[in-house]
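Okay, so here's the structure we're looking at.
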Amino acid sequence: MNCSPFAWKDESIPFLSCSKWEDLPHGFYGIEAELHNENFQLALKKIAKNRGISRIFDLEQVHSASLVDLRDPLALSQFVESQTAPIAIRLKADGFLLSRSARSGLGFAVKSADCVPIILRDSENIALI
């Protein structure tokens with residue numbers, strides 16, 4: 001019996017997700033998911049549609065100290081509006097900082113090469129690393 005809240009899901013792309021935080025659309029995936037899917041962006045679009053997500057922030061980890069801070073609702077809104085990608089917005093950093101109030105309708109994906117997925121959360125803030 002698996003008692004871990006983390007489980008692999010497969011919705012066009014195999015990804016790891018934590019069932020304790022279903023209110024946060026998220027997933028961690030490895031490079032093989034992108035390599036074995038000829039149309040990765042189309043697969044992300046399908047996931048977004050199935051989950052009612054307007055945009056997915058797709059983070060490619062780069063082994064740095066760089067985090068994408070999306071906690072401010074106004075800055076997040078302006079950032080989303082400035083993007084030209086229809087669904088998936090690819091960013092290069094090593095994690096997301098989010099607030100519960102600033103992420104409505106958005107999904108978050110982290111492409112990890114060789115790192116263990118980490119989710120840190122308090123009553124208002126979330127870090128996906």
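Letters for chains follow the order of the structure tokens (A, B, ...), residue numbers begin at 1 for each chain, and ligand numbers begin at 1 in the order shown.
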For A:Ala33, please output as a PDB file with C-alpha atoms, in the first residue's frame all residues within 12 Å (counting only C-alpha atoms; exclusion window: fewer than 3 positions along the same chain).
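Generated file (result.pdb):
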ATOM      1  CA  LYS A   9      -0.208  10.771 -13.119  1.00  0.00           C
ATOM      2  CA  ASP A  10      -0.401  10.484 -16.868  1.00  0.00           C
ATOM      3  CA  GLU A  11      -2.470  13.081 -18.697  1.00  0.00           C
ATOM      4  CA  SER A  12      -0.640  13.194 -22.047  1.00  0.00           C
ATOM      5  CA  ILE A  13       2.592  13.699 -20.052  1.00  0.00           C
ATOM      6  CA  PRO A  14       3.688  11.575 -17.055  1.00  0.00           C
ATOM      7  CA  PHE A  15       4.124  13.867 -14.037  1.00  0.00           C
ATOM      8  CA  LEU A  16       4.465  13.664 -10.269  1.00  0.00           C
ATOM      9  CA  GLY A  27       3.294  18.762 -11.558  1.00  0.00           C
ATOM     10  CA  PHE A  28       6.948  17.771 -11.673  1.00  0.00           C
ATOM     11  CA  TYR A  29       8.252  16.003 -14.764  1.00  0.00           C
ATOM     12  CA  GLY A  30      11.582  14.844 -16.136  1.00  0.00           C
ATOM     13  CA  HIS A  36       9.172  11.159 -25.726  1.00  0.00           C
ATOM     14  CA  ASN A  37       6.337  13.498 -26.647  1.00  0.00           C
ATOM     15  CA  GLU A  38       6.563  14.889 -30.182  1.00  0.00           C
ATOM     16  CA  ASN A  39       4.242  17.779 -29.435  1.00  0.00           C
ATOM     17  CA  PHE A  40       4.931  18.684 -25.818  1.00  0.00           C
ATOM     18  CA  GLN A  41       3.200  22.078 -26.036  1.00  0.00           C
ATOM     19  CA  ALA A  43       0.128  17.957 -24.500  1.00  0.00           C
ATOM     20  CA  LEU A  44       0.380  20.842 -21.994  1.00  0.00           C
ATOM     21  CA  ALA A 109       4.991  22.614 -14.062  1.00  0.00           C
ATOM     22  CA  VAL A 110       8.600  22.010 -13.065  1.00  0.00           C
ATOM     23  CA  LYS A 111      10.975  20.169 -15.402  1.00  0.00           C
ATOM     24  CA  SER A 112      13.611  18.571 -13.197  1.00  0.00           C
ATOM     25  CA  ALA A 113      16.711  16.903 -14.600  1.00  0.00           C
TER      26      ALA A 113
END
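Residue-level DSSP output for chain A, from the backbone, shows alpha helix (DSSP H) at Ile31, Glu32, Ala33, Glu34, Leu35, Phe40, Gln41, Leu42, Ala43, Leu44, Lys45, Lys46, Ile47, Ala48, Lys49, Asn50, Arg51, Pro73, Leu74, Ala75, Leu76, Ser77, Gln78, Phe79, Val80, Glu81 and Ser82 of chain A.
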Keeping N, CA, C and O atoms for every residue in the selection just given, could you write it to a file as a short mmCIF file (atom, residue, chain, number, x, y, z; two decimals), in the first residue's frame?
data_model
loop_
_atom_site.label_atom_id
_atom_site.label_comp_id
_atom_site.auth_asym_id
_atom_site.auth_seq_id
_atom_site.Cartn_x
_atom_site.Cartn_y
_atom_site.Cartn_z
N ILE A 31 13.00 15.20 -18.02
CA ILE A 31 13.32 15.49 -19.42
C ILE A 31 12.75 14.43 -20.36
O ILE A 31 12.38 14.72 -21.49
N GLU A 32 12.62 13.20 -19.86
CA GLU A 32 12.11 12.13 -20.72
C GLU A 32 10.67 12.39 -21.17
O GLU A 32 10.27 12.00 -22.25
N ALA A 33 9.90 13.10 -20.36
CA ALA A 33 8.52 13.42 -20.75
C ALA A 33 8.50 14.30 -21.99
O ALA A 33 7.67 14.13 -22.88
N GLU A 34 9.43 15.22 -22.05
CA GLU A 34 9.53 16.12 -23.20
C GLU A 34 10.14 15.42 -24.41
O GLU A 34 9.71 15.61 -25.54
N LEU A 35 11.12 14.57 -24.17
CA LEU A 35 11.80 13.88 -25.27
C LEU A 35 10.91 12.85 -25.95
O LEU A 35 11.01 12.63 -27.15
N PHE A 40 5.01 18.44 -27.25
CA PHE A 40 4.93 18.68 -25.82
C PHE A 40 3.99 19.84 -25.50
O PHE A 40 3.20 19.77 -24.57
N GLN A 41 4.07 20.92 -26.28
CA GLN A 41 3.20 22.08 -26.04
C GLN A 41 1.73 21.71 -26.21
O GLN A 41 0.88 22.17 -25.45
N LEU A 42 1.41 20.88 -27.19
CA LEU A 42 0.04 20.44 -27.39
C LEU A 42 -0.43 19.60 -26.21
O LEU A 42 -1.58 19.70 -25.77
N ALA A 43 0.46 18.77 -25.67
CA ALA A 43 0.13 17.96 -24.50
C ALA A 43 -0.16 18.85 -23.29
O ALA A 43 -1.11 18.61 -22.54
N LEU A 44 0.64 19.90 -23.08
CA LEU A 44 0.38 20.84 -21.99
C LEU A 44 -0.96 21.54 -22.19
O LEU A 44 -1.71 21.76 -21.24
N LYS A 45 -1.26 21.90 -23.43
CA LYS A 45 -2.53 22.56 -23.74
C LYS A 45 -3.71 21.65 -23.38
O LYS A 45 -4.72 22.09 -22.83
N LYS A 46 -3.58 20.36 -23.67
CA LYS A 46 -4.64 19.40 -23.36
C LYS A 46 -4.84 19.29 -21.85
O LYS A 46 -5.96 19.26 -21.36
N ILE A 47 -3.74 19.23 -21.11
CA ILE A 47 -3.83 19.17 -19.65
C ILE A 47 -4.51 20.42 -19.12
O ILE A 47 -5.39 20.36 -18.25
N ALA A 48 -4.13 21.58 -19.64
CA ALA A 48 -4.72 22.84 -19.19
C ALA A 48 -6.23 22.84 -19.44
O ALA A 48 -7.02 23.22 -18.57
N LYS A 49 -6.64 22.42 -20.62
CA LYS A 49 -8.06 22.38 -20.95
C LYS A 49 -8.82 21.44 -20.03
O LYS A 49 -9.89 21.78 -19.51
N ASN A 50 -8.27 20.24 -19.78
CA ASN A 50 -8.93 19.25 -18.92
C ASN A 50 -9.07 19.73 -17.49
O ASN A 50 -9.98 19.31 -16.78
N ARG A 51 -8.16 20.58 -17.05
CA ARG A 51 -8.17 21.05 -15.65
C ARG A 51 -8.71 22.47 -15.48
O ARG A 51 -8.67 23.01 -14.39
N PRO A 73 -0.15 39.77 -6.70
CA PRO A 73 -1.21 39.58 -7.69
C PRO A 73 -1.14 40.55 -8.88
O PRO A 73 -1.37 40.16 -10.01
N LEU A 74 -0.81 41.81 -8.64
CA LEU A 74 -0.74 42.79 -9.72
C LEU A 74 0.43 42.47 -10.66
O LEU A 74 0.27 42.46 -11.87
N ALA A 75 1.60 42.20 -10.10
CA ALA A 75 2.76 41.86 -10.93
C ALA A 75 2.50 40.58 -11.71
O ALA A 75 2.86 40.48 -12.88
N LEU A 76 1.86 39.59 -11.08
CA LEU A 76 1.55 38.34 -11.77
C LEU A 76 0.60 38.59 -12.93
O LEU A 76 0.82 38.12 -14.04
N SER A 77 -0.42 39.38 -12.70
CA SER A 77 -1.39 39.70 -13.76
C SER A 77 -0.71 40.40 -14.93
O SER A 77 -0.94 40.06 -16.09
N GLN A 78 0.13 41.38 -14.63
CA GLN A 78 0.85 42.10 -15.68
C GLN A 78 1.79 41.17 -16.44
O GLN A 78 1.92 41.25 -17.65
N PHE A 79 2.44 40.26 -15.72
CA PHE A 79 3.36 39.32 -16.35
C PHE A 79 2.60 38.39 -17.30
O PHE A 79 3.01 38.17 -18.43
N VAL A 80 1.49 37.84 -16.84
CA VAL A 80 0.70 36.92 -17.66
C VAL A 80 0.21 37.63 -18.92
O VAL A 80 0.29 37.09 -20.02
N GLU A 81 -0.28 38.86 -18.78
CA GLU A 81 -0.78 39.61 -19.93
C GLU A 81 0.32 39.95 -20.93
O GLU A 81 0.06 40.11 -22.12
N SER A 82 1.56 40.04 -20.48
CA SER A 82 2.66 40.41 -21.37
C SER A 82 3.19 39.22 -22.18
O SER A 82 3.96 39.40 -23.10
#
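Distances from A:Gln83, A:Ile119, A:Ala127, A:Trp21 to A:Val68 were compared using only C-alpha atoms, and the smallest one belongs to A:Ala127.
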Identify, with DSSP run on backbone atoms, the residues in stretch 48-90 of chain A assigned to strand (DSSP E), and express the list as a PyMOL selection string. chain A and resi 55-61+68-70+88-90
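Nearest to A:Ser101 of all the residues A:Ser4, A:Ser123, A:Ser54, A:Gln61 is A:Ser123, counting only C-alpha atoms.
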Which is closer to A:Gly107 than all the others in A:Cys18, A:Leu24, A:Ala65, A:Ala7, using only C-alpha atoms? A:Leu24
